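Visitor: Just entry_35.cif, nothing more (mmCIF, C-alpha atoms):
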data_target
#
loop_
_atom_site.label_atom_id
_atom_site.label_comp_id
_atom_site.auth_asym_id
_atom_site.auth_seq_id
_atom_site.Cartn_x
_atom_site.Cartn_y
_atom_site.Cartn_z
CA MET A 1 -50.62 -53.81 206.79
CA LEU A 2 -49.25 -55.38 203.65
CA LEU A 3 -52.42 -54.56 201.75
CA ILE A 4 -52.28 -50.92 202.87
CA PHE A 5 -48.61 -50.68 201.80
CA ILE A 6 -49.43 -52.09 198.36
CA LEU A 7 -52.28 -49.63 197.91
CA ILE A 8 -50.13 -46.67 198.92
CA SER A 9 -47.29 -47.78 196.60
CA SER A 10 -49.68 -48.22 193.67
CA ASN A 11 -51.14 -44.79 194.25
CA VAL A 12 -47.65 -43.21 194.28
CA VAL A 13 -46.65 -44.99 191.03
CA VAL A 14 -49.86 -43.88 189.29
CA GLN A 15 -49.34 -40.30 190.44
CA VAL A 16 -45.73 -40.24 189.22
CA LEU A 17 -46.73 -41.65 185.84
CA ALA A 18 -49.51 -39.09 185.54
CA GLU A 19 -47.13 -36.21 186.27
CA ALA A 20 -44.45 -37.43 183.83
CA PRO A 21 -44.27 -35.29 180.66
CA PRO A 22 -45.49 -36.96 177.47
CA PRO A 23 -42.79 -38.13 175.04
CA PRO A 24 -41.99 -35.68 172.22
CA PRO A 25 -43.28 -36.37 168.71
CA PRO A 26 -40.79 -37.71 166.16
CA PRO A 27 -38.78 -35.09 164.25
CA PRO A 28 -40.20 -34.23 160.82
CA PRO A 29 -38.32 -35.26 157.66
CA GLN A 30 -36.05 -32.86 155.80
CA ASP A 31 -35.30 -32.04 152.16
CA VAL A 32 -38.76 -33.13 150.96
CA HIS A 33 -38.77 -32.62 147.19
CA VAL A 34 -40.20 -33.98 143.93
CA ASP A 35 -38.00 -34.91 140.99
CA ASN A 36 -39.84 -36.27 137.93
CA TRP A 37 -42.78 -37.08 140.22
CA LEU A 38 -40.70 -39.19 142.56
CA LEU A 39 -41.12 -37.79 146.06
CA THR A 40 -38.08 -38.25 148.30
CA TRP A 41 -37.12 -37.07 151.79
CA THR A 42 -34.32 -37.36 154.33
CA PRO A 43 -34.97 -38.85 157.80
CA THR A 44 -33.78 -36.86 160.79
CA THR A 45 -33.67 -39.79 163.18
CA GLU A 46 -32.18 -43.29 163.21
CA ASP A 47 -35.13 -44.70 165.14
CA ARG A 48 -36.42 -47.66 163.12
CA ASN A 49 -39.85 -47.35 164.73
CA VAL A 50 -40.46 -44.07 162.90
CA THR A 51 -42.56 -44.40 159.72
CA TYR A 52 -43.66 -41.83 157.12
CA THR A 53 -46.99 -41.05 155.46
CA VAL A 54 -47.37 -39.13 152.19
CA GLN A 55 -50.46 -36.97 151.56
CA TYR A 56 -51.68 -34.96 148.57
CA ASN A 57 -54.19 -32.20 147.88
CA THR A 58 -55.72 -31.44 144.46
CA ASP A 59 -58.56 -29.12 145.47
CA LEU A 60 -57.71 -25.44 145.08
CA SER A 61 -60.65 -24.35 147.24
CA SER A 62 -60.12 -26.62 150.28
CA ASP A 63 -57.42 -27.76 152.64
CA GLN A 64 -58.39 -31.43 152.61
CA TRP A 65 -55.51 -33.89 152.36
CA THR A 66 -55.65 -37.49 151.19
CA ASN A 67 -53.20 -40.28 151.98
CA VAL A 68 -51.21 -41.86 149.17
CA GLN A 69 -52.25 -45.45 149.85
CA SER A 70 -48.96 -46.97 148.74
CA CYS A 71 -47.01 -44.70 151.11
CA VAL A 72 -48.86 -44.88 154.44
CA GLN A 73 -46.63 -45.50 157.46
CA THR A 74 -43.81 -46.63 155.22
CA SER A 75 -40.22 -47.08 156.31
CA PHE A 76 -38.95 -46.06 152.86
CA THR A 77 -37.72 -42.56 152.03
CA SER A 78 -39.32 -42.20 148.59
CA CYS A 79 -42.76 -42.52 147.01
CA ASP A 80 -44.05 -42.56 143.42
CA VAL A 81 -46.68 -39.81 143.19
CA SER A 82 -47.06 -39.61 139.41
CA PHE A 83 -50.77 -40.53 139.56
CA THR A 84 -51.58 -37.38 141.55
CA LYS A 85 -50.71 -35.09 138.65
CA SER A 86 -53.42 -36.56 136.41
CA ALA A 87 -55.93 -36.29 139.23
CA ALA A 88 -55.55 -32.51 139.53
CA GLU A 89 -56.45 -29.67 137.18
CA HIS A 90 -53.32 -28.32 135.46
CA GLY A 91 -51.38 -30.85 137.53
CA CYS A 92 -51.70 -28.50 140.49
CA VAL A 93 -51.18 -30.93 143.31
CA LYS A 94 -49.64 -30.23 146.69
CA LEU A 95 -47.69 -32.93 148.52
CA ARG A 96 -46.46 -33.30 152.05
CA VAL A 97 -44.84 -35.89 154.34
CA ARG A 98 -45.16 -36.43 158.08
CA ALA A 99 -43.37 -38.79 160.45
CA LYS A 100 -45.13 -41.07 162.91
CA SER A 101 -43.97 -43.03 165.95
CA GLY A 102 -46.64 -44.95 167.80
CA ARG A 103 -49.52 -42.54 168.36
CA LEU A 104 -47.35 -39.46 167.94
CA THR A 105 -47.15 -37.61 164.63
CA SER A 106 -44.78 -34.85 163.52
CA ALA A 107 -45.76 -31.64 161.83
CA PRO A 108 -46.19 -32.09 158.05
CA VAL A 109 -43.47 -30.85 155.68
CA ASN A 110 -44.57 -29.56 152.28
CA ALA A 111 -42.70 -30.81 149.25
CA CYS A 112 -41.00 -28.58 146.68
CA SER A 113 -40.24 -29.18 143.02
CA ARG A 114 -36.73 -29.16 141.58
CA HIS A 115 -38.04 -28.76 138.03
CA SER A 116 -40.66 -26.36 136.73
CA ASP A 117 -43.85 -27.71 135.15
CA SER A 118 -47.42 -26.61 134.50
CA CYS A 119 -48.03 -25.84 138.17
CA SER A 120 -44.52 -25.25 139.55
CA PRO A 121 -42.88 -21.91 138.75
CA GLU A 122 -39.63 -21.59 136.84
CA VAL A 123 -37.19 -19.50 138.87
CA SER A 124 -33.74 -18.13 138.03
CA LEU A 125 -31.62 -15.66 139.98
CA THR A 126 -29.21 -12.91 138.98
CA VAL A 127 -26.96 -11.34 141.60
CA ARG A 128 -25.07 -8.05 141.56
CA PRO A 129 -23.28 -6.11 144.29
CA GLY A 130 -26.02 -5.19 146.76
CA SER A 131 -28.95 -6.71 144.86
CA ILE A 132 -30.59 -9.89 143.61
CA THR A 133 -33.20 -10.29 140.86
CA VAL A 134 -35.74 -13.12 140.83
CA HIS A 135 -36.67 -13.85 137.23
CA LEU A 136 -40.25 -15.11 136.84
CA SER A 137 -42.20 -15.85 133.68
CA ARG A 138 -45.59 -14.34 132.86
CA ASN A 139 -46.21 -17.00 130.23
CA HIS A 140 -47.37 -20.00 132.26
CA SER A 141 -50.46 -22.18 132.05
CA LEU A 142 -52.21 -20.65 135.07
CA ALA A 143 -51.77 -17.13 133.72
CA GLN A 144 -53.27 -18.19 130.40
CA ASP A 145 -56.43 -19.46 132.16
CA TYR A 146 -56.72 -17.05 135.08
CA ALA A 147 -54.83 -13.97 133.82
CA ASP A 148 -53.64 -11.67 136.61
CA HIS A 149 -55.52 -13.66 139.24
CA ALA A 150 -52.66 -16.18 139.08
CA LYS A 151 -49.46 -14.70 140.52
CA HIS A 152 -46.19 -15.67 142.17
CA ARG A 153 -45.70 -15.59 145.90
CA VAL A 154 -42.03 -14.96 146.68
CA TYR A 155 -40.38 -15.94 149.96
CA PHE A 156 -37.07 -14.20 150.57
CA GLY A 157 -34.45 -13.93 153.32
CA LYS A 158 -30.95 -14.66 154.52
CA GLU A 159 -29.66 -18.21 154.41
CA GLY A 160 -30.31 -20.03 157.66
CA GLU A 161 -33.22 -17.77 158.60
CA LEU A 162 -36.96 -18.24 158.07
CA LEU A 163 -37.87 -16.90 154.61
CA GLN A 164 -40.32 -14.03 154.77
CA GLU A 165 -43.38 -13.77 152.55
CA GLN A 166 -43.17 -10.89 150.09
CA GLU A 167 -45.83 -9.13 148.04
CA ASP A 168 -47.41 -11.31 145.34
CA THR A 169 -46.17 -10.44 141.86
CA ALA A 170 -47.00 -11.39 138.30
CA SER A 171 -43.45 -10.93 136.98
CA SER A 172 -39.83 -10.62 138.02
CA VAL A 173 -38.87 -8.81 141.20
CA SER A 174 -35.62 -7.35 142.58
CA PHE A 175 -34.33 -6.89 146.13
CA ASN A 176 -31.84 -4.07 146.72
CA GLU A 177 -29.57 -2.73 149.46
CA LEU A 178 -28.47 -6.24 150.40
CA GLU A 179 -25.44 -7.07 152.50
CA GLU A 180 -22.43 -7.90 150.36
CA GLY A 181 -20.80 -11.23 151.12
CA GLN A 182 -24.07 -12.59 152.56
CA ARG A 183 -26.05 -15.48 151.05
CA TYR A 184 -29.75 -14.86 150.35
CA CYS A 185 -32.38 -17.48 149.53
CA VAL A 186 -35.56 -17.46 147.44
CA ARG A 187 -38.57 -19.79 147.16
CA VAL A 188 -41.56 -19.18 144.86
CA GLN A 189 -45.04 -20.70 144.63
CA TYR A 190 -48.07 -19.99 142.47
CA VAL A 191 -50.99 -18.29 144.14
CA TYR A 192 -54.57 -18.09 142.85
CA TYR A 193 -56.94 -15.67 144.56
CA SER A 194 -54.60 -15.61 147.57
CA ARG A 195 -54.57 -19.44 147.80
CA LEU A 196 -51.32 -21.35 147.31
CA VAL A 197 -51.53 -23.88 144.49
CA GLY A 198 -49.17 -26.55 143.20
CA LEU A 199 -45.66 -27.26 144.39
CA SER A 200 -43.32 -24.44 145.29
CA SER A 201 -39.88 -24.20 143.78
CA CYS A 202 -37.13 -25.59 145.95
CA THR A 203 -35.13 -22.98 147.82
CA GLN A 204 -32.29 -21.39 145.84
CA CYS A 205 -29.50 -19.44 147.52
CA GLU A 206 -26.90 -17.09 146.03
CA LEU A 207 -23.97 -15.09 147.43
CA ILE A 208 -24.08 -11.31 147.01
CA PRO A 209 -20.71 -10.36 145.44
CA PRO A 210 -18.67 -7.42 146.73
CA SER A 211 -18.45 -4.19 144.72
CA LYS A 212 -15.23 -3.16 142.94
CA THR A 213 -14.41 -0.67 145.70
CA ASN A 214 -14.78 -3.25 148.41
CA ARG A 215 -12.85 -5.74 146.29
CA VAL A 216 -9.88 -3.32 146.14
CA LYS A 217 -10.13 -2.79 149.90
CA ILE A 218 -10.11 -6.52 150.45
CA ILE A 219 -7.02 -6.98 148.24
CA VAL A 220 -5.16 -4.15 150.00
CA THR A 221 -6.09 -5.58 153.39
CA VAL A 222 -4.85 -9.03 152.38
CA VAL A 223 -1.54 -7.60 151.13
CA VAL A 224 -1.02 -5.57 154.31
CA VAL A 225 -1.80 -8.55 156.49
CA PHE A 226 0.60 -10.70 154.46
CA VAL A 227 3.38 -8.13 154.85
CA LEU A 228 2.82 -7.74 158.58
CA VAL A 229 2.44 -11.43 159.32
CA PHE A 230 5.08 -12.94 157.03
CA LEU A 231 7.52 -10.43 155.54
CA VAL A 232 8.23 -8.27 158.61
CA PRO A 233 9.12 -11.24 160.88
CA LEU A 234 11.20 -12.77 158.08
CA ILE A 235 13.18 -9.57 157.50
CA SER A 236 13.67 -9.10 161.24
CA TYR A 237 14.99 -12.65 161.58
CA ILE A 238 17.44 -12.15 158.74
CA LEU A 239 18.75 -8.82 160.09
CA ILE A 240 19.16 -10.14 163.63
CA PHE A 241 20.43 -13.68 163.19
CA GLN A 242 22.11 -13.58 159.78
CA GLN A 243 24.31 -10.50 160.09
CA ARG A 244 27.58 -12.33 159.43
CA ARG A 245 26.22 -14.00 156.32
CA ILE A 246 24.83 -10.69 155.07
CA LYS A 247 28.25 -9.06 155.50
CA GLN A 248 29.84 -11.86 153.52
CA TRP A 249 27.32 -11.39 150.75
CA LEU A 250 27.94 -7.63 150.65
CA ARG A 251 31.76 -7.85 150.80
CA PRO A 252 33.29 -7.17 147.33
CA PRO A 253 35.46 -9.93 145.83
CA TYR A 254 39.22 -9.52 146.19
CA GLN A 255 42.46 -11.43 145.31
CA ILE A 256 45.94 -11.18 146.83
CA PRO A 257 48.60 -10.48 144.17
CA ASP A 258 51.14 -13.23 143.56
CA ASP A 259 54.16 -11.00 144.47
CA PHE A 260 52.55 -9.68 147.65
CA PHE A 261 54.85 -11.71 149.94
CA ILE A 262 58.12 -11.19 147.87
CA GLU A 263 60.76 -9.04 149.69
CA HIS A 264 61.33 -5.67 147.97
CA HIS A 265 64.47 -3.42 148.46
CA ILE A 266 63.63 0.23 148.73
CA PRO A 267 66.62 2.64 148.04
CA VAL A 268 67.43 4.85 150.99
CA ASN A 269 68.71 8.43 150.54
CA THR A 270 71.61 9.08 153.02
CA ARG A 271 71.96 12.72 152.20
CA SER A 272 70.66 15.09 154.79
CA PRO A 273 67.65 16.99 153.59
CA SER A 274 69.30 20.24 154.85
CA GLU A 275 72.37 19.85 152.63
CA GLU A 276 72.28 21.68 149.34
CA SER A 277 74.74 21.73 146.47
CA TYR A 278 75.74 25.12 145.16
CA ASP A 279 78.69 27.01 143.41
CA VAL A 280 80.75 29.78 145.06
CA ILE A 281 80.82 33.07 143.18
CA SER A 282 83.94 35.12 143.96
CA SER A 283 83.29 38.22 141.88
CA ILE A 284 81.09 39.75 139.33
CA ILE A 285 82.65 41.31 136.23
CA PRO A 286 80.47 43.60 134.20
CA ALA A 287 79.98 42.68 130.60
CA ASP A 288 81.92 45.87 129.25
CA GLY A 289 85.14 44.99 131.25
CA SER A 290 85.20 48.19 133.42
CA LYS A 291 85.88 48.15 137.11
CA GLU A 292 84.50 50.42 139.73
#
With the file now loaded, output its structure as structure tokens.
Guide:
Amino acid sequence: MLLIFILISSNVVVQVLAEAPPPPPPPPPQDVHVDNWLLTWTPTTEDRNVTYTVQYNTDLSSDQWTNVQSCVQTSFTSCDVSFTKSAAEHGCVKLRVRAKSGRLTSAPVNACSRHSDSCSPEVSLTVRPGSITVHLSRNHSLAQDYADHAKHRVYFGKEGELLQEQEDTASSVSFNELEEGQRYCVRVQYVYYSRLVGLSSCTQCELIPPSKTNRVKIIVTVVVVFVLVFLVPLISYILIFQQRRIKQWLRPPYQIPDDFFIEHHIPVNTRSPSEESYDVISSIIPADGSKE
């Protein structure tokens, strides 16, 4: 009986382990970029068992990646990749980093370049109300060798969203009818015969400014809100609870004369208002002395 119980228990344990979902792969690194050919990245986990491997590709016609031997399963967050530039034509090397934990590996993250060079495009942005212009140079080393077959692939979109691939272009490009007050981001990479080459520029984001009309509306709105929220309650408080003080402020200044409380004697007329003084006329004598 004991042997049968052990066999049944073992079978149940094996079945449970078989049905358990596999552990997830480690999260990929973030902010993978090259600065003066020093590749750096930011870990997204504090697990010390996670290591990182750097790979590079110098072949424009294939998608074959090679490990950087000094940065295989390393616990560091940087790697010197200066030797890869000399190994590639025009310095057109692509770099990527992937995380590894045990037998599990994350998706690779391609590196970008913070500075333009022979195989990384120089990008500058100009923003206006409702539009953004991506300034790109026609005078780069790939264009000199491959003419119009070497172009720029522009990725564009709102900040926080996945950037969308736009039409390949040889020169600057503008995006119009954009939402004012919204941040938009751009990333650019060289493309040769529809194949991506070299390192892309690191993502740049800019805020679309409001137009003058909208700016006036915003100022008026702010003023109205300030009046409604602060001034109206303040005035109401003063009128309701400070009436006595307001009356005192509005009352004109006055001073009591020094002789106000001195007793004054006012003469009283005892004669009756109906009495009148007059003379009695007894007769009238004409001026010529005759009598009637």
Visitor: Do you have the atom CA of Pro21 of chain A-atom CA of Val50 of chain A distance handy?
Guide: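 Taking atom CA of Pro21 of chain A as the start and atom CA of Val50 of chain A as the end point, the length is 20.2 Å.
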Visitor: Under the PyMOL selection byres ((chain A and resi 67) around 7), which residues of this model are included? Write them out as a list in words.
Guide: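 Given this file, the PyMOL selection byres ((chain A and resi 67) around 7) evaluates to Val54, Gln55, Tyr56, Trp65, Thr66, Val68, Gln69 and Val72 of chain A.
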Visitor: Given the file shown, enumerate the residues that the PyMOL selection byres ((chain A and resi 179) around 9) captures and present them as a PyMOL selection string.
Guide: chain A and resi 129-131+177-178+180-183+208+210
Visitor: So that I can see what lies close to Glu206 of chain A, please list as an NGL selection string the residues with an atom at most 8 Å from it, counting only C-alpha atoms and leaving out residues fewer than 5 positions away in the same chain.
Guide: :A and (125 or 127 or 183-185)
Visitor: Using only C-alpha atoms, can you tell me which of A:Thr42, A:Thr133, A:Ser141, A:Thr51 comes closest to Glu89 of chain A?
Guide: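 Going through A:Thr42, A:Thr133, A:Ser141, A:Thr51 one by one, the smallest distance to Glu89 of chain A is for A:Ser141.
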Visitor: Report as a ChimeraX atom specification all protein, DNA and RNA residues lying within 10 Å of Thr105 of chain A, evaluated on all atoms listed in the file, omitting residues in the same chain fewer than 6 positions from it.
Guide: /A:24-28,50-53,98-99
Visitor: Please save C-alpha atoms of the selected residues as an mmCIF file, in the frame of the given file.
Guide:
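Output file out-v4.cif follows:
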data_model
loop_
_atom_site.group_PDB
_atom_site.id
_atom_site.type_symbol
_atom_site.label_atom_id
_atom_site.label_comp_id
_atom_site.auth_asym_id
_atom_site.auth_seq_id
_atom_site.Cartn_x
_atom_site.Cartn_y
_atom_site.Cartn_z
ATOM 1 C CA PRO A 24 -41.990 -35.680 172.220
ATOM 2 C CA PRO A 25 -43.280 -36.370 168.710
ATOM 3 C CA PRO A 26 -40.790 -37.710 166.160
ATOM 4 C CA PRO A 27 -38.780 -35.090 164.250
ATOM 5 C CA PRO A 28 -40.200 -34.230 160.820
ATOM 6 C CA VAL A 50 -40.460 -44.070 162.900
ATOM 7 C CA THR A 51 -42.560 -44.400 159.720
ATOM 8 C CA TYR A 52 -43.660 -41.830 157.120
ATOM 9 C CA THR A 53 -46.990 -41.050 155.460
ATOM 10 C CA ARG A 98 -45.160 -36.430 158.080
ATOM 11 C CA ALA A 99 -43.370 -38.790 160.450
#
Visitor: Ranking A:Lys94, A:His33, A:Arg245, A:His115 by minimum distance to Leu60 of chain A and counting all atoms listed in the file, which one comes first?
Guide: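 Using all atoms listed in the file, Leu60 of chain A sits closest to A:Lys94.
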Visitor: From the set A:Arg103, A:Lys151, A:Arg48, A:Arg244, which residue has the shortest atom-to-atom contact distance to Gln189 of chain A, counting all atoms listed in the file?
Guide: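 Closest candidate: A:Lys151.
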Visitor: Report, in Å to a single decimal, how far apart atom CA of Lys100 of chain A and atom CA of Gln73 of chain A are.
Guide: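 If I compute the distance from atom CA of Gln73 of chain A to atom CA of Lys100 of chain A, I get 7.2 Å.
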Visitor: Expressed in Å to a single decimal, how great is the separation between atom CA of Glu165 of chain A and atom CA of Thr58 of chain A?
Guide: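 According to the coordinates, atom CA of Glu165 of chain A and atom CA of Thr58 of chain A are separated by 23.0 Å.
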Visitor: With distances taken over all atoms listed in the file, which of A:Leu95, A:Leu234, A:Ala147, A:Ile219 is nearest to Tyr192 of chain A?
Guide: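 Once distances to Tyr192 of chain A are computed over all atoms listed in the file, the minimum belongs to A:Ala147.
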Visitor: Contacts between segment 201-205 of chain A and segment 23-112 of chain A, please, where a residue of segment 23-112 of chain A counts if it comes within 12 Å (with only C-alpha atoms); show its shortest atom pair and distance in Å to one decimal, rows by chain and ascending number, as CSV.
Guide:
residue,atom,partner,partner_atom,distance
A:Asp31,CA,A:Cys202,CA,9.1
A:Val32,CA,A:Cys202,CA,9.2
A:His33,CA,A:Cys202,CA,7.3
A:Val34,CA,A:Cys202,CA,9.2
A:Asp35,CA,A:Cys202,CA,10.6
A:Lys94,CA,A:Ser201,CA,11.8
A:Asn110,CA,A:Cys202,CA,10.5
A:Ala111,CA,A:Cys202,CA,8.3
A:Cys112,CA,A:Cys202,CA,4.9
Visitor: Calculated over all atoms listed in the file, which of the candidates A:Ser86, A:Ser137, A:Ser194, A:Ser70 has the smallest distance to Val173 of chain A?
Guide: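 Residue with the minimum atom-to-atom distance to Val173 of chain A: A:Ser137.
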Visitor: Between A:Val97, A:Val191, A:Leu196, A:Val134, which has the minimum distance to Ser172 of chain A (counting only C-alpha atoms)?
Guide: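 Closest candidate: A:Val134.
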Visitor: Evaluate the PyMOL selection byres ((chain A and resi 124) around 8) against this structure - the residues, as a list in words, please.
Guide: Glu122, Val123, Leu125, Thr126, Val134, His135 and Leu136 of chain A
Visitor: Mind dumping the selected residues with C-alpha atoms as a PDB file, keeping the file's coordinate frame?
Guide:
ATOM      1  CA  GLU A 122     -39.630 -21.590 136.840  1.00  0.00           C
ATOM      2  CA  VAL A 123     -37.190 -19.500 138.870  1.00  0.00           C
ATOM      3  CA  LEU A 125     -31.620 -15.660 139.980  1.00  0.00           C
ATOM      4  CA  THR A 126     -29.210 -12.910 138.980  1.00  0.00           C
ATOM      5  CA  VAL A 134     -35.740 -13.120 140.830  1.00  0.00           C
ATOM      6  CA  HIS A 135     -36.670 -13.850 137.230  1.00  0.00           C
ATOM      7  CA  LEU A 136     -40.250 -15.110 136.840  1.00  0.00           C
TER       8      LEU A 136
END
Visitor: Could you give me the centre and size, in Å to one decimal, of an axis-aligned box around all listed atoms of segment 194-213 of chain A with 4 Å added on every side, as lines of an AutoDock Vina configuration file?
Guide:
center_x = -34.5
center_y = -14.0
center_z = 145.4
size_x = 48.2
size_y = 34.6
size_z = 12.9
Visitor: Using only C-alpha atoms and a cutoff of 12 Å, can you tell me which residues are near (-47.3, -44.4, 140.4) in the file's coordinates, and write them out as a compact mmCIF listing (two decimals) with C-alpha atoms, in the frame of the given file?
Guide:
# COMPACT_ATOMS: atom_id res chain seq x y z
CA ASN A 36 -39.84 -36.27 137.93
CA TRP A 37 -42.78 -37.08 140.22
CA LEU A 38 -40.70 -39.19 142.56
CA LEU A 39 -41.12 -37.79 146.06
CA VAL A 68 -51.21 -41.86 149.17
CA GLN A 69 -52.25 -45.45 149.85
CA SER A 70 -48.96 -46.97 148.74
CA CYS A 71 -47.01 -44.70 151.11
CA SER A 78 -39.32 -42.20 148.59
CA CYS A 79 -42.76 -42.52 147.01
CA ASP A 80 -44.05 -42.56 143.42
CA VAL A 81 -46.68 -39.81 143.19
CA SER A 82 -47.06 -39.61 139.41
CA PHE A 83 -50.77 -40.53 139.56
CA THR A 84 -51.58 -37.38 141.55
CA LYS A 85 -50.71 -35.09 138.65
CA SER A 86 -53.42 -36.56 136.41
CA ALA A 87 -55.93 -36.29 139.23
Visitor: Identify, on the basis of only C-alpha atoms, every residue whose closest approach to Gln164 of chain A does not exceed 12 Å; exclude the query and any residue fewer than 2 positions from it along the same chain; express the result as a compact mmCIF listing (two decimals) with C-alpha atoms, in the frame of the given file.
Guide:
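Okay, selection.txt is ready:
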# COMPACT_ATOMS: atom_id res chain seq x y z
CA ARG A 153 -45.70 -15.59 145.90
CA VAL A 154 -42.03 -14.96 146.68
CA TYR A 155 -40.38 -15.94 149.96
CA PHE A 156 -37.07 -14.20 150.57
CA GLY A 157 -34.45 -13.93 153.32
CA LYS A 158 -30.95 -14.66 154.52
CA GLU A 159 -29.66 -18.21 154.41
CA GLU A 161 -33.22 -17.77 158.60
CA LEU A 162 -36.96 -18.24 158.07
CA GLN A 166 -43.17 -10.89 150.09
CA GLU A 167 -45.83 -9.13 148.04
CA TYR A 184 -29.75 -14.86 150.35
CA CYS A 185 -32.38 -17.48 149.53
CA VAL A 186 -35.56 -17.46 147.44
CA ARG A 187 -38.57 -19.79 147.16
CA VAL A 188 -41.56 -19.18 144.86
